[in-house]
>>> print(open('structure_7.txt').read())   # compact mmCIF, C-alpha atoms
# COMPACT_ATOMS: atom_id res chain seq x y z
CA MET A 167 -76.37 -174.45 231.00
CA PRO A 168 -79.26 -172.71 229.18
CA GLN A 169 -78.04 -170.11 226.72
CA PRO A 170 -79.59 -166.64 226.64
CA HIS A 171 -80.94 -165.21 223.42
CA VAL A 172 -78.09 -163.12 221.99
CA SER A 173 -79.05 -160.63 219.29
CA SER A 174 -76.34 -159.12 217.12
CA ALA A 175 -75.35 -156.34 214.76
CA VAL A 176 -72.39 -155.46 212.53
CA MET A 177 -71.18 -151.84 212.69
CA THR A 178 -70.36 -150.63 209.19
CA HIS A 179 -69.88 -147.73 206.81
CA PRO A 180 -71.09 -147.64 203.18
CA VAL A 181 -67.51 -148.08 201.90
CA ARG A 182 -67.46 -151.50 203.57
CA LEU A 183 -71.06 -152.50 203.01
CA ALA A 184 -70.31 -155.59 200.89
CA GLN A 185 -67.73 -156.77 203.43
CA ALA A 186 -70.20 -156.28 206.28
CA ARG A 187 -72.97 -158.15 204.48
CA ASP A 188 -70.66 -161.09 203.86
CA LEU A 189 -69.58 -161.13 207.52
CA ALA A 190 -73.18 -161.04 208.77
CA ALA A 191 -74.19 -163.86 206.42
CA ARG A 192 -71.23 -166.09 207.29
CA LEU A 193 -71.67 -165.68 211.06
CA ARG A 194 -75.50 -165.68 210.98
CA LEU A 195 -75.65 -162.27 212.61
CA ASP A 196 -78.94 -160.42 212.75
CA GLY A 197 -78.13 -157.41 210.60
CA LEU A 198 -76.15 -154.29 209.88
CA ALA A 199 -75.84 -151.01 211.77
CA LEU A 200 -75.02 -148.34 209.20
CA ASP A 201 -73.26 -145.08 209.95
CA PRO A 202 -76.17 -142.58 210.02
CA ASP A 203 -73.96 -139.75 208.70
CA PRO A 204 -71.36 -141.35 206.41
CA GLN A 205 -70.34 -138.00 204.92
CA GLY A 206 -69.72 -136.52 208.36
CA PRO A 207 -66.48 -136.47 210.33
CA PRO A 208 -65.25 -139.96 211.31
CA SER A 209 -67.03 -141.23 214.43
CA ALA A 210 -67.15 -144.83 215.59
CA LEU A 211 -69.51 -143.79 218.41
CA ARG A 212 -72.10 -142.50 215.94
CA THR A 213 -72.41 -145.95 214.39
CA ALA A 214 -72.01 -147.77 217.70
CA LEU A 215 -75.12 -146.04 219.06
CA VAL A 216 -77.08 -147.44 216.12
CA ALA A 217 -75.61 -150.90 216.71
CA TRP A 218 -76.36 -150.94 220.44
CA ALA A 219 -79.95 -149.90 219.71
CA ALA A 220 -80.48 -152.91 217.42
CA VAL A 221 -81.45 -155.27 220.26
CA ALA A 222 -83.94 -157.89 219.14
CA PRO A 223 -87.17 -158.38 221.13
CA GLY A 224 -86.68 -160.96 223.85
CA ALA A 225 -82.89 -160.87 223.74
CA GLY A 226 -81.00 -161.03 227.03
CA HIS A 227 -77.65 -160.02 225.54
CA HIS A 228 -76.51 -158.12 222.47
CA LEU A 229 -73.32 -158.67 220.46
CA VAL A 230 -71.80 -155.89 218.35
CA VAL A 231 -68.96 -156.65 215.95
CA GLN A 232 -67.16 -154.30 213.60
CA ASP A 233 -67.01 -154.92 209.87
CA ASP A 234 -63.23 -155.41 209.65
CA VAL A 235 -63.03 -158.70 211.53
CA ASP A 236 -63.03 -162.40 210.80
CA ALA A 237 -64.39 -165.10 213.08
CA PRO A 238 -65.40 -168.78 212.98
CA ALA A 239 -68.91 -170.00 212.28
CA GLU A 240 -69.15 -170.99 215.96
CA LEU A 241 -68.89 -167.38 217.19
CA LEU A 242 -72.53 -166.96 218.24
CA GLU A 243 -72.49 -170.27 220.11
CA ILE A 244 -69.27 -169.32 221.92
CA VAL A 245 -70.67 -165.90 222.82
CA GLY A 246 -73.95 -167.40 224.03
CA ARG A 247 -72.24 -169.91 226.29
CA SER A 248 -69.96 -167.19 227.67
CA ALA A 249 -72.97 -164.94 228.36
CA ALA A 250 -74.66 -167.81 230.18
CA ARG A 251 -71.58 -168.25 232.36
CA PHE A 252 -71.17 -164.51 233.05
CA PRO A 253 -74.69 -163.07 232.67
CA ASP A 254 -73.91 -159.68 234.22
CA GLU A 255 -70.55 -159.00 232.55
CA ALA A 256 -69.40 -157.06 229.52
CA LEU A 257 -67.53 -159.66 227.46
CA VAL A 258 -64.75 -158.81 224.99
CA PHE A 259 -63.82 -161.39 222.35
CA TYR A 260 -60.96 -159.58 220.62
CA THR A 261 -58.03 -157.75 222.22
CA ASN A 262 -55.30 -155.88 220.33
CA TRP A 263 -51.86 -157.45 220.55
CA HIS A 264 -50.04 -154.15 221.19
CA ALA A 265 -52.23 -152.50 223.87
CA ARG A 266 -52.08 -152.65 227.67
CA ASN A 267 -55.14 -154.88 227.65
CA GLY A 268 -53.32 -157.06 225.13
CA ALA A 269 -50.40 -157.36 227.53
CA THR A 270 -52.87 -158.19 230.31
CA ALA A 271 -54.36 -160.99 228.22
CA ARG A 272 -50.89 -162.28 227.29
CA LEU A 273 -49.92 -162.42 230.97
CA ALA A 274 -53.18 -164.22 231.80
CA ALA A 275 -52.58 -166.79 229.06
CA LEU A 276 -49.13 -167.58 230.44
CA ALA A 277 -50.62 -167.87 233.93
CA GLY A 278 -53.19 -170.38 232.68
CA ALA A 279 -56.30 -168.18 232.85
CA SER A 280 -59.02 -168.04 230.20
CA TRP A 281 -60.55 -164.70 231.21
CA VAL A 282 -58.98 -161.58 232.67
CA ARG A 283 -60.35 -158.28 233.95
CA ALA A 284 -59.55 -155.34 231.66
CA VAL A 285 -57.46 -152.46 232.98
CA PRO A 286 -59.40 -149.26 233.72
CA ASP A 287 -56.93 -146.81 232.17
CA GLU A 288 -57.22 -147.87 228.54
CA PHE A 289 -59.87 -148.10 225.82
CA THR A 290 -62.18 -151.11 225.78
CA PRO A 291 -61.50 -153.32 222.74
CA SER A 292 -64.80 -153.01 220.86
CA LEU A 293 -64.32 -155.07 217.70
CA ALA A 294 -66.45 -157.86 219.21
CA LEU A 295 -68.25 -156.97 222.44
CA CYS A 296 -71.29 -158.54 224.12
CA LEU A 297 -73.37 -156.69 226.72
CA PRO A 298 -76.44 -157.59 228.75
CA VAL A 299 -79.31 -155.68 227.14
CA GLU A 300 -79.74 -153.54 230.27
CA SER A 301 -76.09 -152.47 230.02
CA ALA A 302 -76.49 -151.77 226.30
CA ALA A 303 -79.42 -149.47 227.03
CA ALA A 304 -77.53 -147.76 229.86
CA PHE A 305 -74.52 -147.19 227.61
CA ARG A 306 -76.69 -145.65 224.90
CA ALA A 307 -78.18 -143.24 227.44
CA TYR A 308 -74.72 -142.45 228.81
CA ALA A 309 -73.17 -141.86 225.39
CA ARG A 310 -76.02 -140.23 223.49
CA ASP A 311 -74.93 -136.61 223.98
CA SER A 312 -71.17 -137.19 224.17
CA ALA A 313 -68.75 -135.27 221.99
CA GLU A 314 -66.36 -138.25 222.05
CA ARG A 315 -66.06 -139.99 218.67
CA HIS A 316 -64.30 -143.15 219.84
CA ASP A 317 -66.76 -145.70 221.22
CA ASP A 318 -63.93 -147.71 222.80
CA GLU A 319 -62.84 -144.77 224.97
CA LEU A 320 -66.40 -143.99 226.05
CA LEU A 321 -67.08 -147.64 226.88
CA SER A 322 -64.16 -147.57 229.31
CA ALA A 323 -65.44 -144.36 230.90
CA PHE A 324 -68.87 -146.00 231.23
CA PHE A 325 -67.45 -149.13 232.85
CA ARG A 326 -65.21 -147.11 235.18
CA GLY A 327 -68.25 -145.19 236.37
CA ARG A 328 -69.97 -148.48 237.17
CA GLY A 329 -66.92 -149.75 239.05
CA ARG A 330 -66.34 -152.87 236.96
CA MET A 331 -64.37 -153.15 233.74
CA SER A 332 -65.09 -155.72 231.05
CA LEU A 333 -63.89 -159.32 231.03
CA LEU A 334 -61.43 -160.08 228.24
CA ALA A 335 -61.63 -163.50 226.62
CA VAL A 336 -57.98 -164.55 226.66
CA PRO A 337 -58.31 -166.93 223.69
CA ASN A 338 -59.30 -164.70 220.77
CA VAL A 339 -61.56 -166.33 218.18
CA VAL A 340 -62.12 -162.96 216.49
CA GLU A 341 -59.33 -161.49 214.34
CA HIS A 342 -58.85 -158.02 212.92
CA ILE A 343 -58.34 -157.92 209.15
CA GLY A 344 -56.61 -155.21 207.15
CA THR A 345 -54.76 -152.07 208.23
CA THR A 346 -57.03 -149.35 206.86
CA SER A 347 -59.13 -147.39 209.34
CA ILE A 348 -62.18 -145.22 208.90
CA ASN A 349 -61.48 -143.75 212.36
CA ASP A 350 -57.85 -142.73 211.85
CA HIS A 351 -56.16 -145.76 213.47
CA ALA A 352 -54.06 -146.68 210.44
CA ALA A 353 -50.97 -145.11 212.02
CA GLN A 354 -51.01 -147.96 214.55
CA GLY A 355 -49.94 -150.31 211.78
CA ILE A 356 -50.73 -154.01 211.68
CA ARG A 357 -53.20 -154.69 214.49
CA LEU A 358 -53.95 -158.32 215.28
CA ALA A 359 -55.32 -160.45 218.11
CA VAL A 360 -53.05 -161.03 221.08
CA CYS A 361 -53.91 -164.74 221.48
CA PRO A 362 -55.43 -166.07 218.22
CA THR A 363 -57.07 -169.38 219.03
CA SER A 364 -59.16 -171.98 217.20
CA ALA A 365 -62.83 -172.28 218.10
CA ALA A 366 -62.21 -175.89 219.16
CA ASP A 367 -59.66 -174.77 221.77
CA ALA A 368 -61.44 -171.59 222.80
CA ALA A 369 -64.82 -173.16 223.55
CA PRO A 370 -63.78 -175.33 226.55
CA LEU A 371 -61.37 -172.69 227.83
CA LEU A 372 -64.05 -170.01 227.87
CA ASP A 373 -66.70 -172.40 229.22
CA ARG A 374 -64.74 -173.61 232.23
CA GLY A 375 -61.36 -171.87 232.40
CA ARG A 376 -60.11 -169.75 235.28
CA VAL A 377 -60.64 -166.01 235.68
CA LEU A 378 -57.75 -163.71 236.61
CA GLU A 379 -59.21 -160.68 238.37
CA GLU A 380 -56.00 -158.93 239.43
CA PRO A 381 -52.75 -159.66 237.59
CA GLY A 382 -50.73 -157.06 239.55
CA TRP A 383 -48.37 -154.80 237.63
CA ILE A 384 -48.26 -155.53 233.91
CA PRO A 385 -45.27 -155.38 231.55
CA TYR A 386 -46.08 -154.14 228.06
CA MET A 387 -44.26 -152.84 224.99
CA ARG A 388 -44.91 -149.87 222.74
CA TYR A 389 -42.84 -148.55 219.83
CA GLY A 390 -40.03 -151.00 220.53
CA GLU A 391 -39.59 -150.18 224.23
CA GLY A 392 -40.63 -151.88 227.46
CA TYR A 393 -42.98 -150.32 229.99
CA VAL A 394 -44.86 -151.32 233.14
CA ARG A 395 -48.46 -150.57 234.00
CA LEU A 396 -48.47 -150.13 237.77
CA VAL A 397 -51.22 -151.21 240.17
CA GLY A 398 -53.53 -148.28 240.86
CA GLN A 399 -52.09 -146.25 238.00
CA GLU A 400 -55.60 -145.19 236.99
CA ASN A 401 -55.83 -143.06 240.15
CA GLY A 402 -53.12 -140.66 238.97
CA ALA A 403 -53.77 -137.11 237.85
CA ASP A 404 -53.65 -138.19 234.20
CA GLY A 405 -56.12 -141.03 234.74
CA GLY A 406 -53.31 -143.53 234.36
CA ARG A 407 -52.74 -142.82 230.69
CA GLY A 408 -49.05 -142.08 231.12
CA HIS A 409 -46.34 -144.64 230.38
CA HIS A 410 -43.66 -145.78 232.86
CA ARG A 411 -40.44 -147.18 231.40
CA TRP A 412 -39.57 -150.46 233.07
CA ARG A 413 -36.38 -149.09 234.66
CA ASP A 414 -38.27 -146.24 236.29
CA ALA A 415 -41.07 -148.54 237.45
CA LEU A 416 -38.87 -151.16 239.11
CA PRO A 417 -38.98 -149.64 242.65
CA ALA A 418 -42.79 -149.89 242.63
CA THR A 419 -42.63 -153.56 241.56
CA GLY A 420 -40.40 -154.68 244.41
CA LEU A 421 -37.71 -155.78 241.98
CA THR A 422 -34.19 -154.43 241.66
CA ASP A 423 -32.14 -153.79 238.56
CA GLU A 424 -29.68 -156.42 239.82
CA ALA A 425 -32.44 -159.05 240.02
CA VAL A 426 -33.66 -158.26 236.52
CA ARG A 427 -30.15 -158.25 235.08
CA ALA A 428 -29.10 -161.49 236.79
CA PRO A 429 -30.44 -163.91 234.11
CA ARG A 430 -28.19 -163.82 231.07
CA MET A 431 -29.77 -163.02 227.74
CA PRO A 432 -28.93 -165.80 225.23
CA LYS A 433 -26.51 -164.14 222.83
CA ASP A 434 -27.30 -166.33 219.86
CA LEU A 435 -31.02 -165.57 219.98
CA ALA A 436 -30.45 -161.89 220.71
CA THR A 437 -28.04 -161.62 217.79
CA GLU A 438 -30.57 -163.20 215.46
CA VAL A 439 -33.28 -160.70 216.51
CA ALA A 440 -30.84 -157.79 216.42
CA ARG A 441 -29.80 -158.63 212.87
CA THR A 442 -33.10 -157.17 211.63
CA PHE A 443 -34.37 -154.99 214.47
CA GLY A 444 -31.23 -153.86 216.31
CA ASP A 445 -29.56 -154.57 219.64
CA ALA A 446 -31.77 -152.15 221.59
CA PHE A 447 -34.98 -153.87 220.53
CA ALA A 448 -33.58 -157.33 221.28
CA GLU A 449 -32.69 -156.24 224.81
CA GLU A 450 -36.05 -154.55 225.36
CA LEU A 451 -37.90 -157.66 224.19
CA TRP A 452 -35.79 -159.84 226.49
CA ILE A 453 -36.44 -157.67 229.56
CA HIS A 454 -40.13 -157.33 228.74
CA CYS A 455 -40.59 -161.09 228.47
CA LEU A 456 -38.52 -161.71 231.59
CA LEU A 457 -40.84 -159.40 233.55
CA LEU A 458 -43.84 -161.03 231.87
CA GLY A 459 -42.68 -164.49 232.93
CA ARG A 460 -42.14 -163.30 236.49
CA GLN A 461 -45.63 -161.83 236.78
CA ALA A 462 -47.31 -164.76 235.04
CA ALA A 463 -45.69 -167.19 237.48
CA ARG A 464 -46.98 -165.16 240.42
CA ALA A 465 -50.46 -164.92 238.92
CA ALA A 466 -50.54 -168.68 238.26
CA ARG A 467 -50.01 -169.36 241.96
CA SER A 468 -53.11 -167.30 242.79
CA LEU A 469 -55.44 -169.11 240.37
CA GLY A 470 -55.78 -172.44 242.10
CA PRO A 471 -56.06 -175.87 240.45
CA LEU A 472 -57.16 -176.35 236.87
CA PRO A 473 -60.94 -177.01 236.73
CA ASP A 474 -62.25 -180.27 235.34
CA GLY A 475 -62.92 -180.17 231.64
CA VAL A 476 -60.22 -177.64 230.75
CA PRO A 477 -57.87 -179.37 228.26
CA PRO A 478 -54.23 -178.84 229.31
CA ASP A 479 -53.11 -179.12 225.68
CA ALA A 480 -55.46 -176.27 224.68
CA LEU A 481 -54.00 -174.15 227.47
CA GLU A 482 -50.51 -174.91 226.25
CA ARG A 483 -51.40 -173.89 222.70
CA LEU A 484 -52.88 -170.68 224.13
CA ARG A 485 -49.59 -169.91 225.89
CA HIS A 486 -47.64 -170.43 222.68
CA SER A 487 -50.07 -168.20 220.80
CA ALA A 488 -49.58 -165.44 223.37
CA VAL A 489 -45.78 -165.58 223.25
CA ALA A 490 -45.70 -165.73 219.45
CA THR A 491 -47.33 -162.29 219.21
CA ALA A 492 -45.10 -160.59 221.81
CA GLY A 493 -42.27 -159.75 219.42
CA PRO A 494 -44.24 -158.46 216.40
CA ALA A 495 -46.61 -156.49 218.66
CA GLY A 496 -43.67 -154.88 220.45
CA LEU A 497 -42.15 -153.48 217.27
CA PRO A 498 -42.75 -149.90 216.17
CA PRO A 499 -45.79 -149.97 213.84
CA GLU A 500 -43.77 -149.04 210.77
CA ARG A 501 -41.45 -152.03 211.30
CA ARG A 502 -44.05 -154.76 211.84
CA PRO A 503 -44.18 -155.59 208.10
CA GLU A 504 -40.51 -156.63 208.38
CA ALA A 505 -41.45 -159.50 210.71
CA GLY A 506 -41.52 -162.36 208.22
CA PRO A 507 -41.53 -166.04 209.25
CA ASP A 508 -37.81 -166.17 210.06
CA GLU A 509 -37.87 -162.94 212.07
CA ALA A 510 -41.02 -164.06 213.91
CA ARG A 511 -39.40 -167.38 214.85
CA ALA A 512 -36.32 -165.60 216.20
CA MET A 513 -38.40 -163.18 218.26
CA THR A 514 -40.55 -166.00 219.62
CA ALA A 515 -37.49 -168.02 220.66
CA LEU A 516 -36.02 -165.01 222.48
CA ALA A 517 -39.39 -164.24 224.05
CA TRP A 518 -39.75 -167.78 225.40
CA ALA A 519 -36.23 -167.66 226.81
CA GLY A 520 -37.14 -164.43 228.61
CA VAL A 521 -40.41 -165.80 229.96
CA ARG A 522 -38.74 -168.93 231.33
CA ALA A 523 -35.90 -166.92 232.88
CA GLY A 524 -38.40 -164.60 234.51
CA GLU A 525 -40.24 -167.42 236.26
CA SER A 526 -37.42 -167.62 238.80
CA VAL A 527 -36.86 -163.87 239.27
CA GLY A 528 -37.83 -162.22 242.54
>>> encode(input="structure_7.txt", output="C-alpha cells")
Amino acid sequence: MPQPHVSSAVMTHPVRLAQARDLAARLRLDGLALDPDPQGPPSALRTALVAWAAVAPGAGHHLVVQDDVDAPAELLEIVGRSAARFPDEALVFYTNWHARNGATARLAALAGASWVRAVPDEFTPSLALCLPVESAAAFRAYARDSAERHDDELLSAFFRGRGRMSLLAVPNVVEHIGTTSINDHAAQGIRLAVCPTSAADAAPLLDRGRVLEEPGWIPYMRYGEGYVRLVGQENGADGGRGHHRWRDALPATGLTDEAVRAPRMPKDLATEVARTFGDAFAEELWIHCLLLGRQAARAARSLGPLPDGVPPDALERLRHSAVATAGPAGLPPERRPEAGPDEARAMTALAWAGVRAGESVG
C-alpha cells in the first residue's frame, strides 16, 4: 500500500540536547522541538506544542518522539506503513509496562492481537505517537491555552472529546531509556515497554495483525497488588481514575471467589518468587495472571482467524514478551531494581502458570 509522507520531531530540553540530536540522526527524524522556556516550571505540554507544530509541508501524518527513547532504524518505515493501514487513527508505538494501557496491551498480546484500543480513563502514552496532520492541528488548538502541563493527560482528554481513543501498537519497537524525568515521573521507577519486540517481528504483525477493539474488563497491577479496570469505568464520578481491587471487582466480572481460587497456585514457583518479594506479592501476581489468562482467552475467541501473512512464531514471541514483563512491572517501583535475571525467570514462570490456569476459569 502507498505510504503517506510522515514528518517527525523529537521533543527535548537543553539538558538532553546531545541525546536528542543523536536520536534524530540515528532514526533519520526531521528535527528537534526544543522546550521554549527551559528555565520555567516543568511542562511536557509546552514542548509538545512546539513538536506538533513542526509538520513538514506536504506531510499527511506527523510523528513525535521524546528524547529518552531508543528505537530501531526501521521506525519511520514501520510508522509509515501503520499510518497507511490506519490513516485516520492516532497511533501509539510505546506503552508503559505498569499502566492500565500496558495491561490492555499485555492482554491483547496474549489474545493474539497486534493492535488494541486504548482505555479512555488513563493518560495516552506519548513517547512515540503519530497523528494525522489534521488531528495534530486540532490538538494544538485544543491544548494551546490549557493550564495542564502533562501532554499525555491532555491527549486523552482530546481523544475522549472526539469519541475515539488511540490505537496502541501491541508489539513495542520503541523503548524508554533511563529513569530520570524532567517532568517529575522519576518516582514511578524503572519504566519500560510492555511488549518489547524486534522490528523484524513487529513489521508483519502491525501490517496485517488483528485489532482488539474491546477487551472487556482488564486485570492490572500497581504497587504489588492486583486490580481490575471495569467496563464503563470512565463514566464514574471520578472519570474512572479510581482503582478497584480484584476481590472487590469480582461481582462485576461475573466470576466468583470460588472460581478464582479453584486452580492451585504451584507452591514451588510461588516459593521462589516469595523468597525475594514475599508471599503476598507472589499470590497477587498469581491471581493477576490467572485473571489475565481468563480474559485473554475470551478476547481471542472474538478475534476470528489469523490473517494471512501474520507469522505465528512472531505472535508467540510477542506473547512471551508480554508475560515476561508482568512480574517486574507489577512490583512496587522501589523494588523493581531487585528483579535480576533469576528473579525475573521465577516471576515469569509463575506468571505463565497463572495465565494457563486462567484460560479454563469461568
>>> closest_residue(input="structure_7.txt", among="A:Ala175, A:Leu469, A:Leu458, A:Met387", to="A:Val282", atoms="all atoms listed in the file")
A:Leu469
>>> closest_residue(input="structure_7.txt", among="A:Ala190, A:Leu334, A:Ala368, A:Ala440", to="A:Glu243", atoms="all atoms listed in the file")
A:Ala368
>>> axis_aligned_box(input="structure_7.txt", around="stretch 203-207 of chain A", padding_each_side="6 Å", output="AutoDock Vina command-line options")
--center_x -70.2 --center_y -138.9 --center_z 207.6 --size_x 19.5 --size_y 16.9 --size_z 17.4
>>> closest_residue(input="structure_7.txt", among="A:Leu484, A:Met513, A:Val181, A:Val377", to="A:Leu435", atoms="all atoms listed in the file")
A:Met513
>>> atom_distance(input="structure_7.txt", atom1="atom CA of A:Gly459", atom2="atom CA of A:Glu500")
27.0 Å
>>> residues_around(input="structure_7.txt", residues="A:Gly475", least_positions_apart="5", cutoff="10 Å", atoms="all atoms listed in the file", output="PyMOL selection string")
chain A and resi 370-371+373-375
>>> atom_distance(input="structure_7.txt", atom1="atom CA of A:Gly226", atom2="atom CA of A:Pro473")
27.4 Å
>>> closest_residue(input="structure_7.txt", among="A:Ala488, A:Ala265, A:Ala515, A:Ala220", to="A:Val394", atoms="all atoms listed in the file")
A:Ala265
>>> residues_around(input="structure_7.txt", residues="A:Arg388", least_positions_apart="6", cutoff="12 Å", atoms="only C-alpha atoms", output="ChimeraX atom specification")
/A:263-266,268-269,354,394-395,409-412,447,450-451,454,492-499,502
>>> closest_residue(input="structure_7.txt", among="A:Ala249, A:Ile356, A:Val426, A:Ala517", to="A:Ala505", atoms="only C-alpha atoms")
A:Ile356
>>> closest_residue(input="structure_7.txt", among="A:Arg310, A:Arg194, A:Glu391, A:Leu320", to="A:Ala446", atoms="only C-alpha atoms")
A:Glu391
>>> residues_around(input="structure_7.txt", residues="A:Ala365", least_positions_apart="4", cutoff="12 Å", atoms="all atoms listed in the file", output="list in words")
Ala237, Pro238, Ala239, Glu240, Leu241, Leu242, Glu243, Ile244, Val245, Phe259, Pro337, Asn338, Val339, Val340, Glu341, Ala369, Pro370, Leu371, Leu372, Asp373, Ala480 and Leu484 of chain A
>>> residues_around(input="structure_7.txt", residues="A:Ile343", least_positions_apart="3", cutoff="12 Å", atoms="all atoms listed in the file", output="ChimeraX atom specification")
/A:185,189,232-237,260,262,293,340,346-347,355-359
>>> residues_around(input="structure_7.txt", residues="A:Leu295", least_positions_apart="4", cutoff="6 Å", atoms="all atoms listed in the file", output="list in words")
Leu229, Val230, Leu257 and Val258 of chain A
>>> atom_distance(input="structure_7.txt", atom1="atom CA of A:Arg187", atom2="atom CA of A:Ala214")
16.8 Å
>>> residues_near_point(input="structure_7.txt", point="(-55.2, -174.5, 238.5)", cutoff="10 Å", atoms="only C-alpha atoms", output="PyMOL selection string")
chain A and resi 277-279+375-376+466-474+476
